[in-house]
>>> print(open('protein18.csv').read())   # CSV, C-alpha atoms and all ligand atoms
chain,number,residue,atom,x,y,z
A,1,MET,CA,86.3,108.5,93.5
A,2,LYS,CA,89.8,109.0,92.1
A,3,LEU,CA,90.6,108.4,88.5
A,4,TYR,CA,93.5,106.4,87.1
A,5,LEU,CA,94.4,105.9,83.5
A,6,ASP,CA,94.6,102.2,82.5
A,7,THR,CA,97.4,102.3,79.9
A,8,ALA,CA,101.1,102.1,79.3
A,9,ASN,CA,101.0,104.6,76.4
A,10,VAL,CA,103.1,107.6,77.5
A,11,GLN,CA,101.4,110.0,75.0
A,12,GLU,CA,98.0,109.1,76.3
A,13,ILE,CA,99.2,109.6,79.9
A,14,ARG,CA,100.8,113.0,79.1
A,15,GLU,CA,97.5,114.2,77.4
A,16,ILE,CA,95.2,113.1,80.2
A,17,HIS,CA,97.6,114.3,82.9
A,18,ALA,CA,97.5,117.8,81.3
A,19,LEU,CA,93.7,117.9,82.0
A,20,GLY,CA,94.4,117.9,85.7
A,21,VAL,CA,92.1,114.9,86.5
A,22,LEU,CA,94.6,112.1,86.9
A,23,ASP,CA,95.3,110.5,90.2
A,24,GLY,CA,97.5,107.5,89.0
A,25,VAL,CA,98.1,104.9,86.3
A,26,THR,CA,97.7,101.2,86.1
A,27,THR,CA,99.6,99.0,83.6
A,28,ASN,CA,99.6,95.3,82.9
A,29,PRO,CA,101.8,93.1,80.6
A,30,SER,CA,99.2,93.3,77.8
A,31,LEU,CA,99.0,97.1,78.0
A,32,VAL,CA,102.9,97.4,77.9
A,33,ALA,CA,103.1,94.9,75.0
A,34,ARG,CA,100.4,96.9,73.1
A,35,ALA,CA,102.2,100.3,73.7
A,36,LEU,CA,105.5,98.9,72.5
A,37,ARG,CA,103.9,97.3,69.5
A,38,GLN,CA,102.1,100.6,68.6
A,39,ALA,CA,105.5,102.4,68.9
A,40,GLY,CA,107.0,99.8,66.6
A,41,GLU,CA,109.7,98.9,69.1
A,42,ARG,CA,111.7,95.7,68.6
A,43,PHE,CA,114.1,94.0,71.1
A,44,GLU,CA,117.1,91.8,70.7
A,45,SER,CA,116.7,89.9,74.0
A,46,GLU,CA,114.2,89.3,76.8
A,47,ASN,CA,116.5,91.4,79.1
A,48,ALA,CA,116.3,94.4,76.7
A,49,PHE,CA,112.5,94.0,76.6
A,50,TYR,CA,112.3,94.0,80.4
A,51,GLU,CA,114.7,96.9,80.6
A,52,ARG,CA,112.4,98.9,78.3
A,53,PHE,CA,109.4,98.0,80.5
A,54,THR,CA,111.2,99.4,83.6
A,55,GLU,CA,112.1,102.6,81.6
A,56,ILE,CA,108.4,103.1,80.7
A,57,VAL,CA,107.3,102.6,84.3
A,58,ARG,CA,109.9,105.2,85.5
A,59,GLU,CA,108.8,107.6,82.8
A,60,ILE,CA,105.1,107.3,83.7
A,61,ALA,CA,105.9,107.8,87.4
A,62,SER,CA,107.9,110.9,86.6
A,63,ILE,CA,105.0,112.3,84.5
A,64,VAL,CA,102.2,111.7,87.0
A,65,GLN,CA,104.0,111.8,90.3
A,66,ALA,CA,101.3,109.6,91.7
A,67,PRO,CA,100.7,105.8,92.1
A,68,VAL,CA,101.7,103.7,89.0
A,69,SER,CA,101.0,100.0,89.1
A,70,ALA,CA,103.6,97.8,87.5
A,71,GLU,CA,102.9,94.1,87.3
A,72,ALA,CA,105.5,91.5,88.5
A,73,LEU,CA,105.8,88.7,85.9
A,74,ALA,CA,107.3,86.0,88.2
A,75,SER,CA,105.1,83.1,89.1
A,76,GLU,CA,106.7,81.9,92.3
A,77,ALA,CA,106.5,83.7,95.6
A,78,ASP,CA,110.2,84.4,96.3
A,79,ALA,CA,110.8,85.5,92.8
A,80,MET,CA,107.7,87.8,93.0
A,81,VAL,CA,109.1,89.4,96.1
A,82,GLU,CA,112.5,89.9,94.5
A,83,GLU,CA,110.9,91.4,91.3
A,84,GLY,CA,108.6,93.5,93.4
A,85,ARG,CA,111.5,95.0,95.3
A,86,LYS,CA,113.2,95.9,92.0
A,87,LEU,CA,110.0,97.4,90.6
A,88,ALA,CA,109.4,99.4,93.8
A,89,ALA,CA,113.0,100.7,93.6
A,90,LEU,CA,112.2,102.3,90.2
A,91,SER,CA,110.3,105.2,91.8
A,92,GLU,CA,108.6,106.0,95.1
A,93,HIS,CA,105.3,106.0,93.1
A,94,VAL,CA,105.5,102.4,91.9
A,95,VAL,CA,102.9,100.1,93.2
A,96,VAL,CA,103.7,96.4,92.7
A,97,LYS,CA,100.9,94.5,91.0
A,98,LEU,CA,100.5,90.9,91.9
A,99,PRO,CA,97.9,88.3,90.9
A,100,ILE,CA,95.7,86.8,93.5
A,101,SER,CA,97.1,83.3,94.1
A,102,GLU,CA,98.9,81.4,96.9
A,103,ALA,CA,102.2,82.7,95.6
A,104,GLY,CA,100.7,86.2,95.1
A,105,LEU,CA,99.3,86.3,98.7
A,106,ARG,CA,102.7,85.2,100.2
A,107,ALA,CA,104.6,87.8,98.2
A,108,CYS,CA,102.0,90.4,99.0
A,109,ARG,CA,102.4,89.8,102.8
A,110,ALA,CA,106.2,89.9,102.5
A,111,LEU,CA,106.3,93.1,100.4
A,112,ALA,CA,103.6,94.8,102.5
A,113,ASP,CA,105.7,94.0,105.6
A,114,GLU,CA,108.6,95.8,103.9
A,115,GLY,CA,106.4,98.9,103.3
A,116,VAL,CA,106.0,98.2,99.5
A,117,ALA,CA,102.5,99.1,98.2
A,118,VAL,CA,100.8,96.1,96.5
A,119,ASN,CA,97.9,96.2,94.1
A,120,MET,CA,96.3,92.7,94.1
A,121,THR,CA,95.0,92.1,90.6
A,122,LEU,CA,92.8,89.6,88.7
A,123,VAL,CA,90.3,89.7,91.5
A,124,PHE,CA,86.9,88.2,90.5
A,125,SER,CA,85.3,87.5,93.9
A,126,ALA,CA,84.7,89.1,97.3
A,127,ASN,CA,86.6,86.4,99.0
A,128,GLN,CA,89.7,87.0,96.9
A,129,ALA,CA,89.4,90.7,97.8
A,130,LEU,CA,89.1,89.8,101.5
A,131,LEU,CA,92.2,87.6,101.3
A,132,ALA,CA,94.1,90.4,99.5
A,133,ALA,CA,93.2,92.9,102.2
A,134,ARG,CA,94.3,90.4,104.9
A,135,ALA,CA,97.6,89.9,103.2
A,136,GLY,CA,98.3,93.7,103.4
A,137,ALA,CA,97.5,94.8,99.9
A,138,ARG,CA,97.2,98.6,99.6
A,139,TYR,CA,94.8,98.2,96.6
A,140,VAL,CA,92.6,95.5,95.3
A,141,SER,CA,91.5,95.4,91.7
A,142,PRO,CA,88.1,93.7,90.9
A,143,PHE,CA,87.9,93.3,87.1
A,144,LEU,CA,84.3,94.3,86.5
A,145,GLY,CA,84.3,94.2,82.7
A,146,ARG,CA,85.6,90.6,82.7
A,147,VAL,CA,83.0,89.7,85.3
A,148,ASP,CA,80.2,91.2,83.1
A,149,ASP,CA,81.7,89.2,80.2
A,150,ILE,CA,80.8,85.9,81.8
A,151,GLY,CA,77.3,87.0,82.6
A,152,TRP,CA,77.8,88.1,86.2
A,153,ASP,CA,77.6,91.6,87.6
A,154,GLY,CA,80.9,93.4,88.0
A,155,VAL,CA,79.5,96.5,89.6
A,156,GLU,CA,77.7,94.3,92.2
A,157,LEU,CA,81.1,92.8,93.0
A,158,VAL,CA,82.5,96.2,93.7
A,159,ARG,CA,79.5,97.0,95.9
A,160,THR,CA,79.9,93.8,97.9
A,161,ILE,CA,83.6,94.3,98.4
A,162,ARG,CA,82.9,97.9,99.6
A,163,GLU,CA,80.4,96.6,102.2
A,164,ILE,CA,82.8,94.0,103.5
A,165,PHE,CA,85.7,96.4,103.8
A,166,ASP,CA,83.5,99.0,105.6
A,167,VAL,CA,81.9,96.4,108.0
A,168,HIS,CA,85.4,95.1,108.9
A,169,ASP,CA,87.2,98.4,108.8
A,170,LEU,CA,89.7,97.3,106.1
A,171,ASP,CA,91.5,100.2,104.6
A,172,THR,CA,92.6,98.5,101.4
A,173,GLU,CA,91.5,100.7,98.5
A,174,ILE,CA,89.2,99.3,95.8
A,175,ILE,CA,90.2,100.0,92.2
A,176,ALA,CA,87.4,99.3,89.8
A,177,ALA,CA,89.4,97.8,86.9
A,178,SER,CA,88.5,96.3,83.5
A,179,VAL,CA,86.3,99.3,82.9
A,180,ARG,CA,84.7,99.2,79.4
A,181,HIS,CA,82.5,102.3,79.1
A,182,PRO,CA,81.5,105.5,80.9
A,183,GLN,CA,78.5,103.9,82.6
A,184,HIS,CA,81.0,101.6,84.4
A,185,VAL,CA,82.7,104.7,85.9
A,186,THR,CA,79.4,106.2,87.2
A,187,ALA,CA,78.3,102.9,88.6
A,188,SER,CA,81.6,102.2,90.2
A,189,ALA,CA,81.5,105.6,91.9
A,190,LEU,CA,78.0,104.9,93.2
A,191,ALA,CA,79.1,101.4,94.4
A,192,GLY,CA,81.8,102.9,96.5
A,193,ALA,CA,85.0,102.2,94.6
A,194,ASP,CA,87.9,104.4,95.8
A,195,ILE,CA,89.4,104.5,92.3
A,196,ALA,CA,88.3,103.6,88.8
A,197,THR,CA,91.1,102.9,86.4
A,198,VAL,CA,89.9,103.9,83.0
A,199,PRO,CA,91.1,103.3,79.4
A,200,TYR,CA,92.1,106.4,77.4
A,201,GLY,CA,89.0,106.1,75.1
A,202,VAL,CA,86.6,105.8,78.0
A,203,LEU,CA,88.1,108.8,79.7
A,204,LYS,CA,87.8,110.9,76.6
A,205,SER,CA,84.2,109.9,76.1
A,206,MET,CA,83.5,110.9,79.7
A,207,ILE,CA,84.2,114.5,78.7
A,208,GLN,CA,81.7,114.5,75.9
A,209,HIS,CA,78.0,115.2,75.9
A,210,PRO,CA,76.0,116.0,72.8
A,211,LEU,CA,74.1,118.8,74.7
A,212,THR,CA,77.5,120.4,75.7
A,213,LYS,CA,78.5,120.5,72.1
A,214,ILE,CA,75.2,121.9,71.0
A,215,GLY,CA,75.3,124.4,73.8
A,216,MET,CA,78.8,125.6,73.0
A,217,GLU,CA,77.9,126.1,69.3
A,218,ARG,CA,74.7,128.0,70.3
A,219,PHE,CA,76.5,130.3,72.7
A,220,LEU,CA,79.2,131.2,70.0
A,221,ALA,CA,76.5,131.7,67.3
A,222,ASP,CA,74.5,134.0,69.6
A,223,TRP,CA,77.7,135.9,70.5
A,224,GLU,CA,78.6,136.4,66.8
A,225,LYS,CA,75.1,137.5,66.0
A,226,ALA,CA,75.1,140.0,68.9
A,227,LYS,CA,78.5,141.4,67.6
A,228,GLN,CA,77.0,142.0,64.2
A,229,GLU,CA,74.0,143.8,65.7
A,230,LEU,CA,76.2,146.3,67.6
B,1,LIG,C1,94.0,97.1,85.4
B,1,LIG,O1,94.5,97.1,86.5
B,1,LIG,C2,93.6,95.9,84.7
B,1,LIG,O2,94.8,95.2,84.3
B,1,LIG,C3,92.8,96.2,83.5
B,1,LIG,O3,91.8,97.1,83.8
B,1,LIG,C4,92.3,95.0,82.8
B,1,LIG,O4,91.4,95.4,81.8
B,1,LIG,P1,90.8,94.5,80.6
B,1,LIG,O5,89.9,93.5,81.2
B,1,LIG,O6,90.1,95.4,79.7
B,1,LIG,O7,92.0,93.8,80.0
>>> encode(input="protein18.csv", output="structure tokens")
Amino acid sequence: MKLYLDTANVQEIREIHALGVLDGVTTNPSLVARALRQAGERFESENAFYERFTEIVREIASIVQAPVSAEALASEADAMVEEGRKLAALSEHVVVKLPISEAGLRACRALADEGVAVNMTLVFSANQALLAARAGARYVSPFLGRVDDIGWDGVELVRTIREIFDVHDLDTEIIAASVRHPQHVTASALAGADIATVPYGVLKSMIQHPLTKIGMERFLADWEKAKQEL
């Protein structure tokens, strides 16, 4: 299973990219707004705000040189297609994120037919995933954390989508999204997700294990002791 970072924070992306484990990045409007708020950036107009968003997408793509999902904000199909073309033109690595809806499906089919990669987002059911695949989406993003939030089983949703895609030979890749903790990552890998998109904090905690820390401390202490006994 590949690992994406789920953030629009460029510092976080640089740091995790340097670890050599990053296969891509996903952003969404909430993540972009949060990154700009954290950076204390202010804008004089909506155009300037959108322009900054496109700059961030370009910067992320140039860092990771791998798929970067950027969400179209238009709500009507033709406008989604137009916006999707503009986003795709920012970098060869941009994947246009579209919500699953009638407009989203129409736009997905039109963009896919033009060779633009689409990540269909806000997927909460196997049927939505099936529709996204039929509309030519390169990726489908089931939101497992949000599914768990309403008392259903997000990992089970990933497993069901995997089975349907395998039985019907659909090559749309499954991105386990809305990942909340390291256990979600392990469970997504076992459930057959192609990719998990992971928040910075979750990825950092995946590195840690208390026994690793204790082991490193013990090795160093033994080494120091051995040096003193020379
Ligand atoms: C990624 O593509 C999604 O936008 C993201 O994982 C949503 O996560 P959240 O449910 O924690 O907002």
>>> closest_atom_pairs(input="protein18.csv", of="chain A", to="ligand LIG 1 (chain B)", cutoff="7 Å", atoms="all atoms listed in the file", output="tab-separated table")
residue	atom	partner	partner_atom	distance
A:Asp6	CA	B:LIG1	C1	5.9
A:Thr26	CA	B:LIG1	O1	5.2
A:Thr27	CA	B:LIG1	O2	6.2
A:Asn28	CA	B:LIG1	O2	5.0
A:Thr121	CA	B:LIG1	O1	6.5
A:Ser141	CA	B:LIG1	O1	6.2
A:Phe143	CA	B:LIG1	O5	6.2
A:Gly145	CA	B:LIG1	O5	5.8
A:Arg146	CA	B:LIG1	O5	5.4
A:Ala177	CA	B:LIG1	O3	4.0
A:Ser178	CA	B:LIG1	O3	3.4
A:Val179	CA	B:LIG1	O3	6.0
A:Arg180	CA	B:LIG1	O6	6.6
A:Thr197	CA	B:LIG1	O3	6.4
>>> residues_near_point(input="protein18.csv", point="(102.6, 99.8, 76.7)", cutoff="12 Å", atoms="all atoms listed in the file", output="ChimeraX atom specification")
/A:6-13,25-41,49-50,52-57,59-60,70
>>> write_last_selection(input="protein18.csv", atoms="C-alpha atoms", output="CSV table (one decimal), in the coordinates of the input")
chain,number,residue,atom,x,y,z
A,6,ASP,CA,94.6,102.2,82.5
A,7,THR,CA,97.4,102.3,79.9
A,8,ALA,CA,101.1,102.1,79.3
A,9,ASN,CA,101.0,104.6,76.4
A,10,VAL,CA,103.1,107.6,77.5
A,11,GLN,CA,101.4,110.0,75.0
A,12,GLU,CA,98.0,109.1,76.3
A,13,ILE,CA,99.2,109.6,79.9
A,25,VAL,CA,98.1,104.9,86.3
A,26,THR,CA,97.7,101.2,86.1
A,27,THR,CA,99.6,99.0,83.6
A,28,ASN,CA,99.6,95.3,82.9
A,29,PRO,CA,101.8,93.1,80.6
A,30,SER,CA,99.2,93.3,77.8
A,31,LEU,CA,99.0,97.1,78.0
A,32,VAL,CA,102.9,97.4,77.9
A,33,ALA,CA,103.1,94.9,75.0
A,34,ARG,CA,100.4,96.9,73.1
A,35,ALA,CA,102.2,100.3,73.7
A,36,LEU,CA,105.5,98.9,72.5
A,37,ARG,CA,103.9,97.3,69.5
A,38,GLN,CA,102.1,100.6,68.6
A,39,ALA,CA,105.5,102.4,68.9
A,40,GLY,CA,107.0,99.8,66.6
A,41,GLU,CA,109.7,98.9,69.1
A,49,PHE,CA,112.5,94.0,76.6
A,50,TYR,CA,112.3,94.0,80.4
A,52,ARG,CA,112.4,98.9,78.3
A,53,PHE,CA,109.4,98.0,80.5
A,54,THR,CA,111.2,99.4,83.6
A,55,GLU,CA,112.1,102.6,81.6
A,56,ILE,CA,108.4,103.1,80.7
A,57,VAL,CA,107.3,102.6,84.3
A,59,GLU,CA,108.8,107.6,82.8
A,60,ILE,CA,105.1,107.3,83.7
A,70,ALA,CA,103.6,97.8,87.5
>>> closest_residue(input="protein18.csv", among="A:Asp166, A:Glu156, A:Asp222, A:Glu229", to="Ala191 in chain A", atoms="only C-alpha atoms")
A:Glu156
>>> closest_residue(input="protein18.csv", among="A:Ile195, A:Ile207, A:Ala133, A:Val123", to="Met1 in chain A", atoms="all atoms listed in the file")
A:Ile195
>>> closest_residue(input="protein18.csv", among="A:Gly84, A:Gly136, A:Pro182, A:Gly215", to="Gly201 in chain A", atoms="only C-alpha atoms")
A:Pro182
>>> atom_distance(input="protein18.csv", atom1="CA of Leu22 in chain A", atom2="CA of Gly154 in chain A")
23.2 Å
>>> residues_around(input="protein18.csv", residues="Leu73 in chain A", least_positions_apart="3", cutoff="9 Å", atoms="all atoms listed in the file", output="PDB file with C-alpha atoms, in the frame of the given file")
ATOM      1  CA  PRO A  29     101.800  93.100  80.600  1.00  0.00           C
ATOM      2  CA  MET A  80     107.700  87.800  93.000  1.00  0.00           C
ATOM      3  CA  GLU A  83     110.900  91.400  91.300  1.00  0.00           C
ATOM      4  CA  LEU A  98     100.500  90.900  91.900  1.00  0.00           C
TER       5      LEU A  98
END
>>> closest_residue(input="protein18.csv", among="A:Ala103, A:Met216, A:Val95, A:Thr160", to="Phe124 in chain A", atoms="all atoms listed in the file")
A:Thr160
>>> closest_residue(input="protein18.csv", among="A:His184, A:Lys86, A:Asp23, A:His17", to="Asp148 in chain A", atoms="all atoms listed in the file")
A:His184
>>> atom_distance(input="protein18.csv", atom1="CA of Ile175 in chain A", atom2="CA of Tyr4 in chain A")
8.8 Å
>>> closest_residue(input="protein18.csv", among="A:Val64, A:Ile174, A:Leu130, A:Ile161", to="Arg14 in chain A", atoms="only C-alpha atoms")
A:Val64
